[in-house]
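Below is model.tsv, which holds TSV, C-alpha atoms and all ligand atoms.
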chain	number	residue	atom	x	y	z
A	1	MET	CA	161.24	91.33	138.93
A	2	GLU	CA	162.62	87.81	139.29
A	3	LEU	CA	161.72	87.41	142.98
A	4	LEU	CA	158.06	88.12	142.24
A	5	LYS	CA	158.00	85.92	139.15
A	6	ASN	CA	159.43	83.01	141.14
A	7	ARG	CA	156.81	83.52	143.82
A	8	ILE	CA	154.07	83.51	141.19
A	9	ARG	CA	155.54	80.28	139.75
A	10	THR	CA	155.54	78.54	143.12
A	11	ASP	CA	152.44	79.96	144.83
A	12	GLY	CA	150.21	81.32	142.05
A	13	LEU	CA	147.10	79.38	141.14
A	14	VAL	CA	145.79	79.72	137.59
A	15	LEU	CA	142.01	79.64	138.01
A	16	ASN	CA	141.07	79.80	134.32
A	17	ASP	CA	142.46	81.34	131.14
A	18	SER	CA	142.26	84.88	132.51
A	19	LEU	CA	142.41	84.78	136.32
A	20	LEU	CA	145.34	84.22	138.67
A	21	LYS	CA	144.97	83.64	142.40
A	22	VAL	CA	147.84	84.89	144.56
A	23	ASP	CA	146.12	85.01	147.92
A	24	SER	CA	149.04	83.47	149.84
A	25	PHE	CA	151.22	86.58	149.40
A	26	LEU	CA	149.26	89.48	147.83
A	27	ASN	CA	145.47	89.26	148.02
A	28	HIS	CA	144.69	87.73	151.40
A	29	GLN	CA	147.78	86.69	153.34
A	30	LEU	CA	150.55	89.25	152.79
A	31	ASP	CA	154.30	88.65	152.60
A	32	PRO	CA	155.79	91.82	154.14
A	33	GLN	CA	159.36	91.17	152.91
A	34	LEU	CA	158.16	90.72	149.34
A	35	MET	CA	155.88	93.78	149.64
A	36	PHE	CA	158.86	95.82	150.86
A	37	LYS	CA	161.10	94.67	148.02
A	38	MET	CA	158.37	95.57	145.53
A	39	GLY	CA	158.07	98.99	147.18
A	40	GLU	CA	161.84	99.44	146.72
A	41	GLU	CA	161.57	98.36	143.08
A	42	PHE	CA	158.84	100.93	142.35
A	43	ALA	CA	160.93	103.59	144.09
A	44	ARG	CA	163.94	102.62	141.94
A	45	ARG	CA	161.97	102.67	138.68
A	46	PHE	CA	160.36	106.04	139.41
A	47	SER	CA	163.39	107.70	141.04
A	48	GLY	CA	163.99	111.22	139.81
A	49	GLU	CA	160.29	111.77	139.13
A	50	ALA	CA	159.75	113.97	142.20
A	51	ILE	CA	156.65	112.04	143.22
A	52	THR	CA	154.73	113.71	146.02
A	53	ARG	CA	151.94	111.18	146.62
A	54	ILE	CA	150.94	107.61	145.84
A	55	LEU	CA	147.35	106.73	144.97
A	56	THR	CA	145.97	103.20	145.08
A	57	ILE	CA	142.59	101.53	145.54
A	58	GLU	CA	141.33	99.42	148.41
A	59	ALA	CA	142.05	96.76	149.34
A	60	SER	CA	144.82	94.84	147.61
A	61	GLY	CA	146.79	97.81	146.30
A	62	ILE	CA	147.34	99.19	149.78
A	63	ALA	CA	150.06	96.83	151.03
A	64	VAL	CA	152.50	97.40	148.20
A	65	ALA	CA	151.61	101.09	147.90
A	66	ILE	CA	152.42	101.73	151.55
A	67	MET	CA	155.80	100.03	151.14
A	68	ALA	CA	156.56	102.21	148.12
A	69	GLY	CA	155.44	105.24	150.15
A	70	LEU	CA	157.72	104.20	153.00
A	71	VAL	CA	160.74	103.94	150.72
A	72	MET	CA	159.89	107.12	148.77
A	73	GLN	CA	158.83	108.97	151.91
A	74	VAL	CA	155.55	110.23	150.50
A	75	PRO	CA	151.96	109.83	151.74
A	76	VAL	CA	149.80	107.03	150.38
A	77	VAL	CA	146.11	107.62	149.61
A	78	PHE	CA	143.71	104.83	148.80
A	79	ALA	CA	140.50	105.36	146.88
A	80	ARG	CA	137.52	103.88	148.70
A	81	LYS	CA	134.84	101.86	146.98
A	82	LYS	CA	131.32	103.08	147.64
A	83	LYS	CA	128.28	101.46	146.04
A	84	SER	CA	126.46	104.75	145.72
A	85	ALA	CA	128.59	107.67	146.65
A	86	VAL	CA	126.78	110.91	147.25
A	87	THR	CA	129.00	113.24	145.29
A	88	THR	CA	129.68	116.29	147.33
A	89	ASP	CA	132.00	119.19	146.79
A	90	ASP	CA	134.47	117.51	149.12
A	91	LEU	CA	134.99	114.30	147.13
A	92	TYR	CA	136.44	113.26	143.80
A	93	CYS	CA	134.35	110.42	142.42
A	94	THR	CA	134.38	108.19	139.36
A	95	LYS	CA	132.92	104.87	138.28
A	96	VAL	CA	135.06	101.76	137.95
A	97	TYR	CA	133.92	98.44	136.51
A	98	SER	CA	135.41	95.61	138.56
A	99	PHE	CA	137.11	92.83	136.57
A	100	THR	CA	136.70	90.28	139.34
A	101	LYS	CA	133.29	91.29	140.75
A	102	LYS	CA	131.69	92.13	137.37
A	103	GLU	CA	129.97	95.21	138.75
A	104	SER	CA	130.45	98.97	138.70
A	105	ASN	CA	131.42	100.81	141.82
A	106	ASP	CA	131.87	104.47	142.54
A	107	ILE	CA	135.33	105.12	143.91
A	108	ILE	CA	135.96	108.21	145.96
A	109	VAL	CA	138.88	110.25	147.27
A	110	ASP	CA	138.53	113.11	149.70
A	111	LYS	CA	139.64	116.35	148.04
A	112	LYS	CA	141.91	117.20	150.93
A	113	PHE	CA	144.22	114.28	150.03
A	114	LEU	CA	145.08	115.38	146.48
A	115	ALA	CA	146.30	118.82	145.43
A	116	ALA	CA	146.77	120.44	142.04
A	117	ASN	CA	150.55	120.57	142.52
A	118	ASP	CA	150.83	116.84	143.33
A	119	ARG	CA	152.92	114.48	141.19
A	120	VAL	CA	151.14	111.20	141.67
A	121	LEU	CA	152.26	107.59	141.24
A	122	ILE	CA	149.30	105.24	140.83
A	123	ILE	CA	149.84	101.70	142.15
A	124	ASP	CA	147.63	98.62	141.87
A	125	ASP	CA	147.99	94.88	142.33
A	126	PHE	CA	146.73	93.63	138.94
A	127	LEU	CA	146.25	95.13	135.50
A	128	ALA	CA	143.59	93.46	133.34
A	129	ASN	CA	141.34	95.81	131.32
A	130	GLY	CA	142.74	98.95	132.90
A	131	GLU	CA	139.49	100.11	134.46
A	132	ALA	CA	140.86	100.59	137.98
A	133	ALA	CA	143.99	102.43	136.81
A	134	LEU	CA	142.03	104.65	134.43
A	135	GLY	CA	139.56	105.47	137.22
A	136	LEU	CA	142.42	106.45	139.51
A	137	ALA	CA	144.01	108.55	136.74
A	138	ASN	CA	140.65	110.26	136.22
A	139	ILE	CA	140.56	111.20	139.90
A	140	VAL	CA	144.12	112.62	139.74
A	141	GLN	CA	143.09	114.66	136.69
A	142	GLN	CA	139.96	115.94	138.47
A	143	ALA	CA	142.33	117.29	141.13
A	144	GLY	CA	144.37	119.05	138.44
A	145	ALA	CA	147.40	117.00	139.53
A	146	ALA	CA	149.87	115.08	137.32
A	147	VAL	CA	149.98	111.32	136.85
A	148	VAL	CA	153.70	110.55	136.80
A	149	GLY	CA	153.19	106.87	136.12
A	150	ILE	CA	151.34	103.69	136.91
A	151	GLY	CA	153.03	100.92	138.90
A	152	ILE	CA	151.49	97.48	138.63
A	153	VAL	CA	152.46	94.34	140.53
A	154	ILE	CA	151.09	91.80	138.02
A	155	GLU	CA	150.23	92.84	134.48
A	156	LYS	CA	148.29	90.38	132.35
A	157	SER	CA	149.75	91.57	129.06
A	158	PHE	CA	147.32	89.48	127.01
A	159	GLN	CA	144.46	91.66	128.23
A	160	PRO	CA	143.88	95.20	126.91
A	161	GLY	CA	144.71	97.30	130.01
A	162	ALA	CA	148.43	97.93	129.44
A	163	GLY	CA	147.83	98.93	125.80
A	164	LYS	CA	144.99	101.26	126.78
A	165	LEU	CA	147.06	103.00	129.46
A	166	LYS	CA	150.05	103.42	127.17
A	167	ALA	CA	147.82	104.71	124.35
A	168	ALA	CA	146.47	107.29	126.81
A	169	GLY	CA	150.07	108.46	127.32
A	170	PHE	CA	150.77	106.95	130.73
A	171	ARG	CA	154.08	105.37	131.70
A	172	VAL	CA	153.33	101.85	132.94
A	173	GLU	CA	155.84	99.89	135.03
A	174	SER	CA	154.82	96.32	135.82
A	175	LEU	CA	156.90	94.09	138.10
A	176	ALA	CA	155.71	90.87	136.43
A	177	ARG	CA	154.18	90.66	132.95
A	178	ILE	CA	152.17	87.60	132.04
A	179	ALA	CA	151.92	86.61	128.37
A	180	ALA	CA	149.45	83.75	128.84
A	181	PHE	CA	148.13	81.05	131.10
A	182	SER	CA	148.53	77.76	129.32
A	183	GLY	CA	147.92	74.33	130.73
A	184	GLY	CA	147.56	75.82	134.22
A	185	GLN	CA	151.05	77.37	133.95
A	186	VAL	CA	152.03	81.03	133.90
A	187	GLN	CA	154.00	82.14	130.83
A	188	PHE	CA	155.84	85.41	131.41
A	189	VAL	CA	156.64	88.02	128.76
A	190	PRO	CA	160.39	87.64	128.06
A	191	GLU	CA	162.34	90.58	129.48
A	192	ALA	CA	164.48	92.63	127.14
B	1	LIG	P1	141.24	96.11	135.60
B	1	LIG	O1	140.60	97.24	136.32
B	1	LIG	O2	142.59	96.42	135.05
B	1	LIG	O3	140.32	95.49	134.59
B	1	LIG	O4	141.45	94.97	136.68
B	1	LIG	C1	142.31	95.19	137.75
B	1	LIG	C2	141.65	94.92	139.05
B	1	LIG	O5	140.93	93.69	139.00
B	1	LIG	C3	142.70	94.77	140.13
B	1	LIG	O6	142.55	95.83	141.04
B	1	LIG	C4	142.42	93.44	140.79
B	1	LIG	O7	141.79	93.67	142.01
B	1	LIG	C5	141.44	92.72	139.89
B	1	LIG	N1	142.05	91.65	139.07
B	1	LIG	C6	142.16	91.65	137.71
B	1	LIG	N2	142.68	90.50	137.28
B	1	LIG	C7	142.92	89.75	138.37
B	1	LIG	C8	143.48	88.44	138.56
B	1	LIG	O8	143.86	87.70	137.63
B	1	LIG	N3	143.57	88.00	139.86
B	1	LIG	C9	143.18	88.77	140.91
B	1	LIG	N4	143.32	88.24	142.13
B	1	LIG	N5	142.65	90.01	140.77
B	1	LIG	C10	142.52	90.49	139.51
Now, as a test, write the supplied structure out as structure tokens.
Amino acid sequence: MELLKNRIRTDGLVLNDSLLKVDSFLNHQLDPQLMFKMGEEFARRFSGEAITRILTIEASGIAVAIMAGLVMQVPVVFARKKKSAVTTDDLYCTKVYSFTKKESNDIIVDKKFLAANDRVLIIDDFLANGEAALGLANIVQQAGAAVVGIGIVIEKSFQPGAGKLKAAGFRVESLARIAAFSGGQVQFVPEA
């Protein structure tokens, strides 16, 4: 998505060879127009998939997920991060290792917000090693629901996440795909 790639070029800050900071439009301050356009783009890419619910993870996935939910007219659920979730019969729970915080967290979703007949689109802000997306997919599977696809705002294609998700059989749609950070610059994967 050219609009997003241009924004990354102008406002993204390459912190090191694996980490990008985009806190002026995605991770701290939010650009609502850009979020809305990304929501429209996810809706376009997954049109015809009869999605019934969107699942994301707090906090940075929520903004774009809610815009996609607005366009697609489906509810948006976000998994909550709990250090030590008491697993009860009412919650789906799984462990996710955080790429940025370097720690494991339990993530939880109340059972009443996912049903076995749901067709779920998973959305997240970044894809690195795929831990967050795989954790969300695990929760959808616990509910007996279907993962229709995984929508990612920024995929770092040089890290293993995208390959892992595709190998597991998931459709991955990323709005910007980064091939490398070199010399403080973002190199995008050329689009076909
Ligand atoms: P994964 O679970 O795929 O290893 O990592 C994805 C999660 O880590 C995202 O939800 C995001 O919060 C965080 N993350 C991974 N890489 C980056 C990055 O380069 N910049 C920022 N701001 N967050 C990242």
Long-range neighbours of region 87-97 of chain A as a list in words, 8 Å cut-off, all atoms listed in the file, 4 positions minimum in chain: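 Once the adjacent positions are removed, what remains is Lys102, Glu103, Ser104, Asn105, Asp106, Ile107, Ile108, Val109, Asp110, Lys111, Lys112, Glu131, Ala132, Gly135, Asn138, Ile139, Gln142 and Ala143 of chain A.
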Take the residues just selected and output them with C-alpha atoms as a PDB file, keeping the file's coordinate frame.
ATOM      1  CA  LYS A 102     131.690  92.130 137.370  1.00  0.00           C
ATOM      2  CA  GLU A 103     129.970  95.210 138.750  1.00  0.00           C
ATOM      3  CA  SER A 104     130.450  98.970 138.700  1.00  0.00           C
ATOM      4  CA  ASN A 105     131.420 100.810 141.820  1.00  0.00           C
ATOM      5  CA  ASP A 106     131.870 104.470 142.540  1.00  0.00           C
ATOM      6  CA  ILE A 107     135.330 105.120 143.910  1.00  0.00           C
ATOM      7  CA  ILE A 108     135.960 108.210 145.960  1.00  0.00           C
ATOM      8  CA  VAL A 109     138.880 110.250 147.270  1.00  0.00           C
ATOM      9  CA  ASP A 110     138.530 113.110 149.700  1.00  0.00           C
ATOM     10  CA  LYS A 111     139.640 116.350 148.040  1.00  0.00           C
ATOM     11  CA  LYS A 112     141.910 117.200 150.930  1.00  0.00           C
ATOM     12  CA  GLU A 131     139.490 100.110 134.460  1.00  0.00           C
ATOM     13  CA  ALA A 132     140.860 100.590 137.980  1.00  0.00           C
ATOM     14  CA  GLY A 135     139.560 105.470 137.220  1.00  0.00           C
ATOM     15  CA  ASN A 138     140.650 110.260 136.220  1.00  0.00           C
ATOM     16  CA  ILE A 139     140.560 111.200 139.900  1.00  0.00           C
ATOM     17  CA  GLN A 142     139.960 115.940 138.470  1.00  0.00           C
ATOM     18  CA  ALA A 143     142.330 117.290 141.130  1.00  0.00           C
TER      19      ALA A 143
END
Closest of A:Gln73, A:Gln185, A:Gln33, A:Ser18 to Leu127 (chain A) - atom-to-atom distances counting only C-alpha atoms: A:Ser18
Of A:Ala128, A:Val76, A:Ala116, A:Ile66, the one sitting nearest ligand LIG 1 (chain B) when using all atoms listed in the file is A:Ala128
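Of note, CA of Arg53 (chain A) and CA of Ser24 (chain A) are spaced 28.0 Å apart.
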For each of A:Phe181, A:Phe126, A:Phe188, A:Phe46, take the minimum atom-to-atom distance to ligand LIG 1 (chain B), counting all atoms listed in the file, then give the residue where this is smallest.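 Among the listed residues, A:Phe126 lies closest to ligand LIG 1 (chain B).
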Got a sec to check which residues lie within 8 Å of ligand LIG 1 (chain B), using all atoms listed in the file, and send them as a ChimeraX atom specification? /A:18-23,27,57,59-61,96-100,124-134,156,161
Straight-line distance linking CA of Glu58 (chain A) with CA of Thr10 (chain A), stated in Å to one decimal: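 CA of Thr10 (chain A) lies 25.8 Å from CA of Glu58 (chain A).
Going from CA of Ile8 (chain A) over to CA of Glu49 (chain A), you cover 29.0 Å.
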Residues within 7 Å of Val148 (chain A), please, as JSON, numbers by chain. Count only C-alpha atoms; anything in the same chain fewer than 3 positions from it doesn't count. {"A": [119, 120, 121]}
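The residue that comes closest to Phe113 (chain A), out of A:Met35, A:Ile154, A:Leu26, A:Val140 and on the basis of all atoms listed in the file, is A:Val140.
Taking all atoms listed in the file into account, Glu173 (chain A) lies nearest to A:Ile122 out of the set A:Val186, A:Ala192, A:Ile122, A:Ile51.
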Contacts of Gly39 (chain A) at 8 Å (all atoms listed in the file; same-chain gap of 2+ positions) as a list of chain:residue names: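 My reading of the contact set: A:Met35, A:Phe36, A:Lys37, A:Glu41, A:Phe42, A:Ala43, A:Val64, A:Ala65, A:Ile66, A:Met67, A:Ala68, A:Gly69, A:Leu70, A:Val71.
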With only C-alpha atoms as the basis for distance, which of A:Ile54, A:Ile178, A:Ser47, A:Ser157 is at the shortest distance from Ala145 (chain A)?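 Distance minimum relative to Ala145 (chain A) lands on A:Ile54.
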